[in-house]
Structures are given as C-alpha cells and as structure tokens.
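Student: Just passing along the structure, written as structure tokens.
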Amino acid sequence: MSEYLRPAVDPRALRDAFGAFLTGVTVVTAHDAAGRPVGFTANSFASLSLEPPLLLVCLARTSRNFHTLTNAAGFAVNVLAEHQKDISNTFARPVEDRFSGLDWQPGPHGSPILGGVAAWFDCTLQEVVDGGDHVILVGRIESFENGKANGLGYARGGYFAPALAQKAVAAAGGDVTAGAVAIRRDEILLVEKEEGRYALPACRLSAGASPDRLQRYLTETIGLPAAVGFLYSVYQDSRSGEQHIVYRCELGHGEPRAGRFFPLDALPLDRLTDSATGDILKRYAAESRIGNFGMYVGNEERGQVHALAQEATR
Ligand SMILES: Cc1cc2nc3c(=O)[nH]c(=O)nc-3n(C[C@H](O)[C@H](O)[C@H](O)COP(=O)(O)O)c2cc1C
C-alpha cells in the first residue's frame, strides 16, 4: 500500500496501544556544552548487544536537550528503583534544574549517575539513528553497575512497583475497602453519597479476597465494562481505622448506571466525602497533566500504609 493510501493512524490511540508494553523507567543524563548536567525520563531504553556492549534509547526531536544529547561525547542511563517515582516525574516535567537537591555524581566516563538507582550504564555515544519524530541514541557501555534494587515499572501510562505493592497489601491485612480511580479517557467516575458529596466507587473486600471482586462490583453496580489495573494508593483512615486500597481502573463505553463522569479539570474537589479522596484525585489530575500517572504513595522510607493525617502533609 502506498504511503498516501495508508489509513491515518490516530497518534493518541497508537500511544495508548504502545503503553500496553510493560517497561521499566530510566533517566538519561549527559552534560551540556557549559558542563551543566541535563537529563530526561525515558522508558524507550533497550539492551542492544553484549559484544560489543551496546544499548539504545529513543529521544524525541522536540526535546529541549536534543542538540546536547545528539552531540554529546556520551550519556548515562540510570534505571530507576521502585521508590524513585518522584525522580521520574521531575525528569519528565519542564523543571529548570532537575538535579537540584538530587544525590548524583559523575560516572567513570563523566555522565551523571543518580544515587540509589537499580542499575546504571555510562556510555560513549556510538551512533544517532533517524527514527521519525524521535532519534535512536546508541550508546557503547564503558562502565556499569547493577545495584540490585527492584526497578520501577511503567505500563498503560501508570507506574507500578510490584514488590512494594505486595508489601503494602500484606501490611493492610484484614478486611479492606477497595476503591477505584475509575477513568475513561480524560474523565473520572465518582459516585454520589450523602448530601451531594462524591466518593470513589468502592466495595468491601474480606481478608485475602482478590481484587476481582472490585471488577465485579464496577461491572454490576456501575454497569460498565471495567478493567482493574495497578495499585494506586494504600492508606489507613485515622478516624475509622479502616484500611483503603485504591486501584487504577479503566471503564468501557456506555452510560453508567450509578455515578457520573467528571472531566479531570472540573473535579468536584469541594464536594467530596473525605480529604483522602481529594488528595488522590488531585494527585491523579496533576500526574495526568504531564501524561503519566503515579503508582501509589508508599515508599520504603515512609512505609506503605499511612494514616490520613500523614498523607495530607505530603
Ligand atoms: C515514563 C516516561 C517515559 C518517557 N519516555 C520517553 C522516551 O523514551 N523518550 C523521550 O524522548 N521522552 C520520553 N518521555 C518524555 C520526557 O521525559 C519529557 O518529555 C521530558 O520533559 C523531556 O525533557 P526535555 O525536553 O528537557 O528533554 C517519557 C516520560 C515519562 C513520564
């Protein structure tokens, strides 16, 4: 088929389909001509060759650091560890100095190596290959270290951290309330509770029950096809002592039988049943503005299950 007869591809639908591929998350770093450290978040990293030792990463032509990275002597790939979601967000946002307050040092071949990463690779730039609206940076690995920490995961626009999530769910123990950040494109479904206040759709899960119960609840009560995704938040309501586990869920087409959809930029933040729901919705809306979504709030230092009061201080 000629180029010209080829049906148009919807870039957003294509991006969503690419997002089905589970990846890790890296921060690619280098120095600019003035010696300042630069870096951006990338999940297009792939191993390429063992002999010679090569890796690749795809860089958007629109990157502010396009010239720097394609002309650098070398670059480093930092594989983020499970608790480094905030670093990923910093290096994906248009922050002026992404390295401010960060623990890093020059690698053996000069490019910035971040502290606490799961692994790093310090490379010389071997080749820049054309790739449509991106280029492929091929790096020759000059030195590397395998830090052994579990890597942060990324799929369907959201982070996940399997080992931390497992610990959080185990720590919750007992009966829990399973809630859903139930999304469809750029909208979230909320259910109306007492006095016109809104809450996340949620059901009770008895100890050890599978989150399939939440999927059934969404399908039966909300009346829409639902897919339960990765864990988004785990917390304990300090007033009731109730444990909450919130999953990210995708809803399918149709009119909901219960609840209503709110656009992400018009969420009823002043009409929610509790402040934890507000924190979750605000975080989700903020993360969706940079095109990616947080996974869940816990990390190893802070513990995986928090009281609401602690949650609100972040
Ligand atoms: C999880 C994740 C993965 C990303 N992967 C890539 C990537 O592989 N290549 C890329 O060019 N941008 C990627 N981005 C987007 C860049 O990080 C983002 O556009 C950043 O602001 C670019 O910064 P710069 O313009 O300063 O280079 C990714 C963002 C996220 C959140």
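Numbering starts fresh at 1 for the residues of each chain in the structure tokens, the chains themselves are lettered A, B, ... in the order given, and ligands are numbered from 1 as they appear.
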For ligand 1, return the neighbouring residues as an MDAnalysis selection string (distance at most 9 Å; only C-alpha atoms and all ligand atoms).
Tutor: chainID A and resid 23:27 38:45 57:66 69 88:96 98 134:135 153:155 157:159 290:293
Student: Taking only stretch 126-230 of chain A into account, list the residues labelled helix (DSSP H, G or I) by DSSP (computed from the backbone), as a ChimeraX atom specification.
Tutor: /A:162-172,194-196,212-222
Student: Between A:Gln215, A:Thr221, A:Thr177, A:Thr70, which has the minimum distance to A:Gln243 (counting only C-alpha atoms)?
Tutor: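 Closest to A:Gln243, using only C-alpha atoms: A:Thr177.
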Student: Can you check which parts of stretch 119-183 of chain A lie within 12 Å of stretch 257-261 of chain A? Per residue, the shortest pair of atoms and distance in Å to one decimal, counting only C-alpha atoms, sorted by chain and number, as a tab-separated table.
Tutor:
```
residue	atom	partner	partner_atom	distance
A:Val181	CA	A:Phe261	CA	11.4
A:Ala182	CA	A:Phe261	CA	9.1
A:Ile183	CA	A:Phe261	CA	8.4
```
Student: Can you work out which one of A:Ala276, A:Leu14, A:Ala178, A:Ile222 has the shortest atom-to-atom distance to A:Ser206, counting only C-alpha atoms?
Tutor: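 Smallest separation from A:Ser206 among the options: A:Ala178.
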Student: Could you check the closest approach to A:Gly35 for each of A:Pro256, A:Leu190, A:Ala72, A:Ala17 and tell me which residue wins, using only C-alpha atoms?
Tutor: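 For A:Gly35, the nearest of the candidates is A:Ala72.
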Student: Considering only C-alpha atoms, tabulate each residue of stretch 146-210 of chain A that lies at most 7 Å from stretch 112-127 of chain A along with its nearest interatomic pair and the corresponding distance in Å to one decimal; arrange the rows by chain and ascending residue number and present them as a Markdown table.
Tutor:
```
| residue | atom | partner | partner_atom | distance |
| --- | --- | --- | --- | --- |
| A:Asn146 | CA | A:Ala119 | CA | 4.4 |
| A:Gly147 | CA | A:Ala118 | CA | 4.8 |
| A:Lys148 | CA | A:Ala118 | CA | 5.6 |
| A:Ala149 | CA | A:Ala118 | CA | 4.6 |
| A:Asn150 | CA | A:Ala118 | CA | 6.2 |
| A:Gly151 | CA | A:Ala118 | CA | 5.7 |
```
Student: State, in Å with one decimal place, the distance from atom CA of A:Val129 to atom CA of A:Val28.
Tutor: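 Answer for the atom CA of A:Val129 to atom CA of A:Val28 separation: 16.8 Å.
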Student: Could you tell me how far atom CA of A:Gly139 sits from atom CA of A:Ser111, in Å to one decimal place?
Tutor: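 Distance reported for this atom pair: 12.1 Å.
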Student: Mind listing the strand (DSSP E or B) residues of stretch 16-260 of chain A, per DSSP on the backbone, as a PyMOL selection string?
Tutor: chain A and resi 23-24+26-31+37-42+46-49+54-60+74-79+81+104-106+112-114+119-131+134-146+151+153-155+158-160+176-184+187-192+198-199+202-205+226-236+243-251+260
Student: In Å, rounded to a single decimal, give me how far atom CA of A:Gly229 is from atom CA of A:Ser210.
Tutor: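 It comes out at 12.8 Å.
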Student: Write out as JSON, numbers by chain which residues come within 6 Å of A:Leu152 when counting only C-alpha atoms, dropping same-chain ones fewer than 2 positions away.
Tutor: {"A": [24, 80, 81, 82, 161]}
